[in-house]
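For reference, the structure is listed below as structure tokens.
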Amino acid sequence: MIVNNKIRKISLLILIMACLALIFSACNLTKEKWFADGIQTTELKKIEIIKNREDLTNLIDYSAFYQRRVRAQVTDGYKQILKDNFDTETRWAVQYGDLAHNAEETQIYDAELDSGFIEVFCKMPQRYGYKTGNNEKNKIYTLDYYLLTKEKNKRISYKDLRLFKNNKGFIKVNNSEQLFYAALNGYFPVWGKDNKVLNKIMNDCLEILKFRHNKNELERIRRTYLCMINESTYDSDVQRKRSTDYRDYAAYYLEGFFLYRQAVCDGLTKAYALLLALDGFEVYHVADVKKNFGGHAYNYVKVNGKYYLSSITNSISTGASDRIRDYRYFLTNYRANDFDGYKFQSEEFPTIKEKLINIKPINYHSTYTSKICTRKISFNTDDPKKIKSTIRYAERVSRMKKIRIEIQFQSSERTIEQMSNNYDVERLYEGSNIWACFV
């Protein structure tokens, strides 16, 4: 009896201590500082003198960001260009705007143009991105991405991000468009701690970026690229609608990828740019419009001192019958024009475009390897035993995780024919030495 009383007293004491620990922990959580507390914020740098179309675009985006009518001086050379072809020049300046291309209305006032001044006002929608398309989500994952998700990684905070440590200043933002634009231009965004949408987007960024936080530039961008092409579904439903109220759809904004994991090229390009900018990369959102084709968006990014073209949209399947990813759009140049019917010819950043002409693309299959346990696997091989061993591992994963796996290889014609006799194989295109096995 005495023993039982002692046990009850000890149990009660343990219970009280546990409750106190929980209360203490809860108090600490409520007192935890918001990462932005005490941070001094600044404003975007405003263009004061317009020398070319890029400057005009930046002035229009500044107006869009702050919803202000702004005025700037125009050089004599660019003033003449505007006077000769005002409508065409201003239309392209708006189209190339990272914010302005989704504006409700843009007014460009030329009353003082003869005196060397121009005024702009860009009105952005108060509400946007609250609808989404109805698409079958991607259910096939590449083996190299699956292996990355198995790695053990420490959680990171906003203060661990490279952009937080090295930026032009801290900018207050209220919505996803401002968030994207601030980061794209080298500023770290600061938002209210009760902003649920921005909290969701930025927390998702932390989850994605922790998988590559302490790697070199080429490995870091590869990991983000793999995440984007595996977790994204092209929102073909919204794209087909070509609705005049397209601003209602999340597919054109960060919300598309971060809230729904589906977007069109504009939303995918913005999400990719945000992730890369937060990780310290120099990255650009590139817009293009072609007659009889429509608009397209993709990225320029600087990796190890060189500029590359990178396109998430062209890397993922955009049709119902497509399965295979196209890694040729990982880090490439303007020879990407040879890959399909679309021609990458945007004049938004002509200086960078010129540098992209002769850059040597990164051959994904030759550059990278992965590890299965302690065994290194190559995706550029003609060894049937190694290929079959990798496929068997993928088959086990597929059964256990109940997911479909895509494994890509670069091999000779003979090896591809041999594998196609026993496995579900698809070539990147007819005659290609890049192929995928689906299990």
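Residues in the structure tokens are numbered from 1 in each chain, the chains being A, B, ... in the order shown, and ligands are numbered from 1 in the order shown.
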
_Selection: 7 Å around Tyr96 in chain A, only C-alpha atoms, excl. self and same-chain fewer than 5 positions, as an MDAnalysis selection string_ = chainID A and resid 57 101 287 348

*asked:* Which residues are close to Ala250 in chain A, i.e. within 7 Å by only C-alpha atoms, leaving aside same-chain residues fewer than 2 positions away? Reply as a list in words.
replied: Gly129, Tyr130, Lys131, Thr132, Asp248, Tyr252, Tyr253, Glu255 and Gly256 of chain A

*range 218-231 of chain A: which residues within 6 Å, counting only C-alpha atoms, same-chain residues fewer than 3 positions away excluded, as a PyMOL selection string?*
chain A and resi 141+145+212+215+316

*Determine which residues of range 148-284 of chain A DSSP labels as alpha helix (DSSP H) from the backbone of this structure, then write them out as a count of residues only.*
71

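Using only C-alpha atoms for every distance, the candidate list A:Ile108, A:Leu428, A:Leu184, A:Val74 yields A:Leu184 as the residue closest to His285 in chain A.
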
_Excluding Leu163 in chain A and its own-chain neighbours fewer than 6 positions away, which residues fall within 8 Å of it when counting only C-alpha atoms? Please give them as a ChimeraX atom specification._
/A:183,186-188,277-280

Just to be explicit: take each residue in the selection above, keep C-alpha atoms, and write the result as a PDB file, in the first residue's frame.
```
ATOM      1  CA  ALA A 183      13.831  39.546 -54.275  1.00  0.00           C
ATOM      2  CA  GLY A 186      18.307  42.145 -54.832  1.00  0.00           C
ATOM      3  CA  TYR A 187      16.207  43.327 -51.855  1.00  0.00           C
ATOM      4  CA  PHE A 188      15.083  41.076 -49.030  1.00  0.00           C
ATOM      5  CA  ALA A 277      17.187  35.040 -55.839  1.00  0.00           C
ATOM      6  CA  LEU A 278      16.727  34.044 -52.187  1.00  0.00           C
ATOM      7  CA  ASP A 279      19.698  31.705 -52.617  1.00  0.00           C
ATOM      8  CA  GLY A 280      21.919  34.518 -53.863  1.00  0.00           C
TER       9      GLY A 280
END
```

*Could you name the residues that touch Lys200 in chain A at 9 Å or less, counting only C-alpha atoms, but leaving out those on the same chain fewer than 5 positions away, as a list in words?*
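Using only C-alpha atoms, the neighbours found are Asn195, Cys205, Phe258 and Leu259 of chain A.
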
Just write the chosen residues, C-alpha atoms, as a compact mmCIF listing (two decimals), in the first residue's frame.
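Result file is selection_16.txt:
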```txt
# COMPACT_ATOMS: atom_id res chain seq x y z
CA ASN A 195 0.09 37.56 -43.89
CA CYS A 205 10.93 28.36 -49.97
CA PHE A 258 3.56 27.57 -54.03
CA LEU A 259 -0.14 27.10 -53.19
```

*Compare A:Thr41, A:Thr149, A:Thr244, A:Asn135 by their minimum atom-to-atom distance to Asn102 in chain A, counting only C-alpha atoms, and give me the closest one.*
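Counting only C-alpha atoms, the residue closest to Asn102 in chain A is A:Thr244.
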
*Between A:Ser63, A:Asn199, A:Gln95, A:Gln410, which one has atoms that come closest to Gly295 in chain A, using only C-alpha atoms?*
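Closest to Gly295 in chain A of all the choices is A:Gln95.
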
*Name the closest residue to Asp160 in chain A among the candidates A:Ala271, A:Gly192, A:Phe35, A:Ile50; distances are taken between atoms, counting only C-alpha atoms.*
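Ranked by minimum distance to Asp160 in chain A, first place goes to A:Phe35.
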
*For range 357-362 of chain A, list every protein, DNA or RNA residue within 8 Å, evaluated using only C-alpha atoms, and leave out those in the same chain fewer than 3 positions away; present the list as a ChimeraX atom specification.*
/A:306-308,328,330-335,353-354,367

Include N, CA and C atoms and write out the residues we just selected as a short mmCIF file (atom, residue, chain, number, x, y, z; two decimals), in the first residue's frame.
```
data_model
loop_
_atom_site.label_atom_id
_atom_site.label_comp_id
_atom_site.auth_asym_id
_atom_site.auth_seq_id
_atom_site.Cartn_x
_atom_site.Cartn_y
_atom_site.Cartn_z
N LYS A 306 28.91 32.79 -65.42
CA LYS A 306 28.41 32.73 -66.80
C LYS A 306 26.88 32.78 -66.81
N TYR A 307 26.34 33.44 -67.83
CA TYR A 307 24.89 33.52 -67.99
C TYR A 307 24.38 32.32 -68.78
N TYR A 308 23.22 31.80 -68.35
CA TYR A 308 22.56 30.70 -69.04
C TYR A 308 21.07 31.01 -69.18
N ARG A 328 17.53 19.34 -71.28
CA ARG A 328 18.33 20.24 -72.13
C ARG A 328 18.05 21.70 -71.80
N PHE A 330 17.89 22.89 -68.80
CA PHE A 330 18.41 23.17 -67.45
C PHE A 330 19.26 24.43 -67.47
N LEU A 331 20.39 24.39 -68.09
CA LEU A 331 21.26 25.56 -68.26
C LEU A 331 21.79 25.51 -69.69
N THR A 332 21.19 26.33 -70.56
CA THR A 332 21.51 26.24 -71.98
C THR A 332 21.75 27.62 -72.57
N ASN A 333 21.86 27.67 -73.90
CA ASN A 333 22.08 28.94 -74.61
C ASN A 333 21.01 29.09 -75.67
N TYR A 334 21.21 29.95 -76.65
CA TYR A 334 20.18 30.16 -77.66
C TYR A 334 20.13 29.05 -78.71
N ARG A 335 21.00 28.04 -78.57
CA ARG A 335 20.84 26.85 -79.41
C ARG A 335 19.61 26.05 -78.97
N LYS A 353 21.54 38.55 -73.62
CA LYS A 353 21.23 37.67 -74.75
C LYS A 353 22.45 37.47 -75.64
N GLU A 354 23.20 38.54 -75.88
CA GLU A 354 24.40 38.45 -76.70
C GLU A 354 25.42 37.49 -76.08
N THR A 367 27.15 15.47 -66.53
CA THR A 367 27.72 16.25 -65.42
C THR A 367 27.42 15.65 -64.06
#
```

Residues of range 280-371 of chain A in strand (DSSP E), written as a PDB file with N, CA and C atoms, in the first residue's frame:
```
ATOM      1  N   GLU A 282      22.068  35.720 -59.297  1.00  0.00           N
ATOM      2  CA  GLU A 282      21.620  36.805 -60.172  1.00  0.00           C
ATOM      3  C   GLU A 282      20.695  36.168 -61.204  1.00  0.00           C
ATOM      4  N   VAL A 283      19.430  36.524 -61.173  1.00  0.00           N
ATOM      5  CA  VAL A 283      18.442  35.850 -61.997  1.00  0.00           C
ATOM      6  C   VAL A 283      17.494  36.875 -62.601  1.00  0.00           C
ATOM      7  N   TYR A 284      16.941  36.555 -63.772  1.00  0.00           N
ATOM      8  CA  TYR A 284      16.067  37.472 -64.508  1.00  0.00           C
ATOM      9  C   TYR A 284      14.809  36.739 -64.962  1.00  0.00           C
ATOM     10  N   HIS A 285      13.694  37.445 -64.906  1.00  0.00           N
ATOM     11  CA  HIS A 285      12.430  36.979 -65.477  1.00  0.00           C
ATOM     12  C   HIS A 285      12.356  37.560 -66.882  1.00  0.00           C
ATOM     13  N   VAL A 286      12.330  36.687 -67.881  1.00  0.00           N
ATOM     14  CA  VAL A 286      12.380  37.125 -69.283  1.00  0.00           C
ATOM     15  C   VAL A 286      11.025  36.885 -69.932  1.00  0.00           C
ATOM     16  N   ALA A 287      10.471  37.923 -70.531  1.00  0.00           N
ATOM     17  CA  ALA A 287       9.180  37.823 -71.199  1.00  0.00           C
ATOM     18  C   ALA A 287       9.355  37.946 -72.705  1.00  0.00           C
ATOM     19  N   ASP A 288       8.511  37.264 -73.432  1.00  0.00           N
ATOM     20  CA  ASP A 288       8.546  37.351 -74.892  1.00  0.00           C
ATOM     21  C   ASP A 288       7.137  37.166 -75.433  1.00  0.00           C
ATOM     22  N   VAL A 289       6.854  37.803 -76.535  1.00  0.00           N
ATOM     23  CA  VAL A 289       5.557  37.669 -77.199  1.00  0.00           C
ATOM     24  C   VAL A 289       5.805  37.504 -78.687  1.00  0.00           C
ATOM     25  N   LYS A 290       5.149  36.526 -79.288  1.00  0.00           N
ATOM     26  CA  LYS A 290       5.313  36.281 -80.721  1.00  0.00           C
ATOM     27  C   LYS A 290       3.959  36.252 -81.408  1.00  0.00           C
ATOM     28  N   GLY A 294       1.746  33.751 -79.101  1.00  0.00           N
ATOM     29  CA  GLY A 294       1.384  34.226 -77.769  1.00  0.00           C
ATOM     30  C   GLY A 294       2.614  34.512 -76.937  1.00  0.00           C
ATOM     31  N   GLY A 295       2.421  34.584 -75.639  1.00  0.00           N
ATOM     32  CA  GLY A 295       3.506  34.951 -74.742  1.00  0.00           C
ATOM     33  C   GLY A 295       4.223  33.744 -74.170  1.00  0.00           C
ATOM     34  N   HIS A 296       5.444  33.987 -73.727  1.00  0.00           N
ATOM     35  CA  HIS A 296       6.222  32.955 -73.051  1.00  0.00           C
ATOM     36  C   HIS A 296       7.110  33.642 -72.026  1.00  0.00           C
ATOM     37  N   ALA A 297       7.492  32.910 -71.000  1.00  0.00           N
ATOM     38  CA  ALA A 297       8.404  33.444 -69.995  1.00  0.00           C
ATOM     39  C   ALA A 297       9.408  32.367 -69.628  1.00  0.00           C
ATOM     40  N   TYR A 298      10.635  32.791 -69.362  1.00  0.00           N
ATOM     41  CA  TYR A 298      11.708  31.878 -68.961  1.00  0.00           C
ATOM     42  C   TYR A 298      12.729  32.698 -68.190  1.00  0.00           C
ATOM     43  N   ASN A 299      13.821  32.077 -67.794  1.00  0.00           N
ATOM     44  CA  ASN A 299      14.796  32.765 -66.950  1.00  0.00           C
ATOM     45  C   ASN A 299      16.176  32.850 -67.585  1.00  0.00           C
ATOM     46  N   TYR A 300      16.889  33.925 -67.249  1.00  0.00           N
ATOM     47  CA  TYR A 300      18.333  33.981 -67.391  1.00  0.00           C
ATOM     48  C   TYR A 300      18.887  33.883 -65.969  1.00  0.00           C
ATOM     49  N   VAL A 301      19.991  33.173 -65.813  1.00  0.00           N
ATOM     50  CA  VAL A 301      20.597  33.054 -64.489  1.00  0.00           C
ATOM     51  C   VAL A 301      22.109  32.984 -64.638  1.00  0.00           C
ATOM     52  N   LYS A 302      22.803  33.604 -63.713  1.00  0.00           N
ATOM     53  CA  LYS A 302      24.260  33.614 -63.724  1.00  0.00           C
ATOM     54  C   LYS A 302      24.774  32.547 -62.762  1.00  0.00           C
ATOM     55  N   VAL A 303      25.536  31.590 -63.301  1.00  0.00           N
ATOM     56  CA  VAL A 303      26.083  30.484 -62.509  1.00  0.00           C
ATOM     57  C   VAL A 303      27.586  30.405 -62.752  1.00  0.00           C
ATOM     58  N   LYS A 306      28.908  32.795 -65.422  1.00  0.00           N
ATOM     59  CA  LYS A 306      28.411  32.725 -66.797  1.00  0.00           C
ATOM     60  C   LYS A 306      26.884  32.780 -66.812  1.00  0.00           C
ATOM     61  N   TYR A 307      26.338  33.443 -67.830  1.00  0.00           N
ATOM     62  CA  TYR A 307      24.886  33.518 -67.989  1.00  0.00           C
ATOM     63  C   TYR A 307      24.376  32.316 -68.782  1.00  0.00           C
ATOM     64  N   TYR A 308      23.218  31.801 -68.346  1.00  0.00           N
ATOM     65  CA  TYR A 308      22.559  30.699 -69.042  1.00  0.00           C
ATOM     66  C   TYR A 308      21.074  31.015 -69.183  1.00  0.00           C
ATOM     67  N   LEU A 309      20.445  30.381 -70.150  1.00  0.00           N
ATOM     68  CA  LEU A 309      18.996  30.371 -70.282  1.00  0.00           C
ATOM     69  C   LEU A 309      18.502  29.117 -69.566  1.00  0.00           C
ATOM     70  N   SER A 310      17.447  29.254 -68.760  1.00  0.00           N
ATOM     71  CA  SER A 310      16.878  28.112 -68.050  1.00  0.00           C
ATOM     72  C   SER A 310      15.362  28.210 -68.104  1.00  0.00           C
ATOM     73  N   THR A 369      25.958  12.768 -61.131  1.00  0.00           N
ATOM     74  CA  THR A 369      25.746  11.391 -60.686  1.00  0.00           C
ATOM     75  C   THR A 369      24.897  11.442 -59.430  1.00  0.00           C
ATOM     76  N   SER A 370      24.361  10.293 -59.043  1.00  0.00           N
ATOM     77  CA  SER A 370      23.621  10.199 -57.782  1.00  0.00           C
ATOM     78  C   SER A 370      24.125   8.990 -57.014  1.00  0.00           C
ATOM     79  N   LYS A 371      23.697   8.881 -55.760  1.00  0.00           N
ATOM     80  CA  LYS A 371      24.113   7.752 -54.937  1.00  0.00           C
ATOM     81  C   LYS A 371      22.913   6.948 -54.482  1.00  0.00           C
TER      82      LYS A 371
END
```

*From the set A:Tyr364, A:Thr88, A:Lys168, A:Tyr66, which residue has the shortest atom-to-atom contact distance to Met124 in chain A, counting only C-alpha atoms?*
A:Tyr66

*May I have the residues within 9 Å of Leu113 in chain A as a list in words, using only C-alpha atoms and disregarding those fewer than 6 positions away in the same chain?*
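So, after excluding close chain neighbours, the residues are Gln73, Val74, Lys79, Leu82 and Lys83 of chain A.
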
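Minimum atom-to-atom distance to Glu347 in chain A, evaluated using only C-alpha atoms, belongs to A:Trp92 out of A:Trp92, A:Tyr78, A:Trp435, A:Tyr146.
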
*Suppose you want the space between CA of Glu112 in chain A and CA of Asn185 in chain A; what is it in Å?*
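Result for CA of Glu112 in chain A versus CA of Asn185 in chain A: 29.2 Å, one decimal.
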
*Give me, please, the distance in Å between CA of Ala64 in chain A and CA of Asp245 in chain A, quoted to one decimal.*
18.7 Å

_Between CA of Ser176 in chain A and CA of Phe164 in chain A - distance in Å to one decimal_ = 17.7 Å

Please report as a tab-separated table every residue of range 137-226 of chain A lying within 12 Å of range 378-382 of chain A, along with the nearest atom pair and their distance in Å (one decimal), using only C-alpha atoms.
```
residue	atom	partner	partner_atom	distance
A:Thr142	CA	A:Phe379	CA	11.9
A:Leu143	CA	A:Phe379	CA	10.5
A:Asp144	CA	A:Phe379	CA	9.5
```

Residues from last step as file, N, CA and C atoms, as a PDB file, in the first residue's frame:
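Written output follows (part.pdb):
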```pdb
ATOM      1  N   THR A 142      11.264  11.855 -60.871  1.00  0.00           N
ATOM      2  CA  THR A 142      12.552  11.371 -61.364  1.00  0.00           C
ATOM      3  C   THR A 142      13.333  10.756 -60.208  1.00  0.00           C
ATOM      4  N   LEU A 143      14.123   9.744 -60.532  1.00  0.00           N
ATOM      5  CA  LEU A 143      14.878   9.040 -59.497  1.00  0.00           C
ATOM      6  C   LEU A 143      15.862   9.974 -58.799  1.00  0.00           C
ATOM      7  N   ASP A 144      16.524  10.852 -59.561  1.00  0.00           N
ATOM      8  CA  ASP A 144      17.502  11.743 -58.941  1.00  0.00           C
ATOM      9  C   ASP A 144      16.844  12.688 -57.935  1.00  0.00           C
TER      10      ASP A 144
END
```
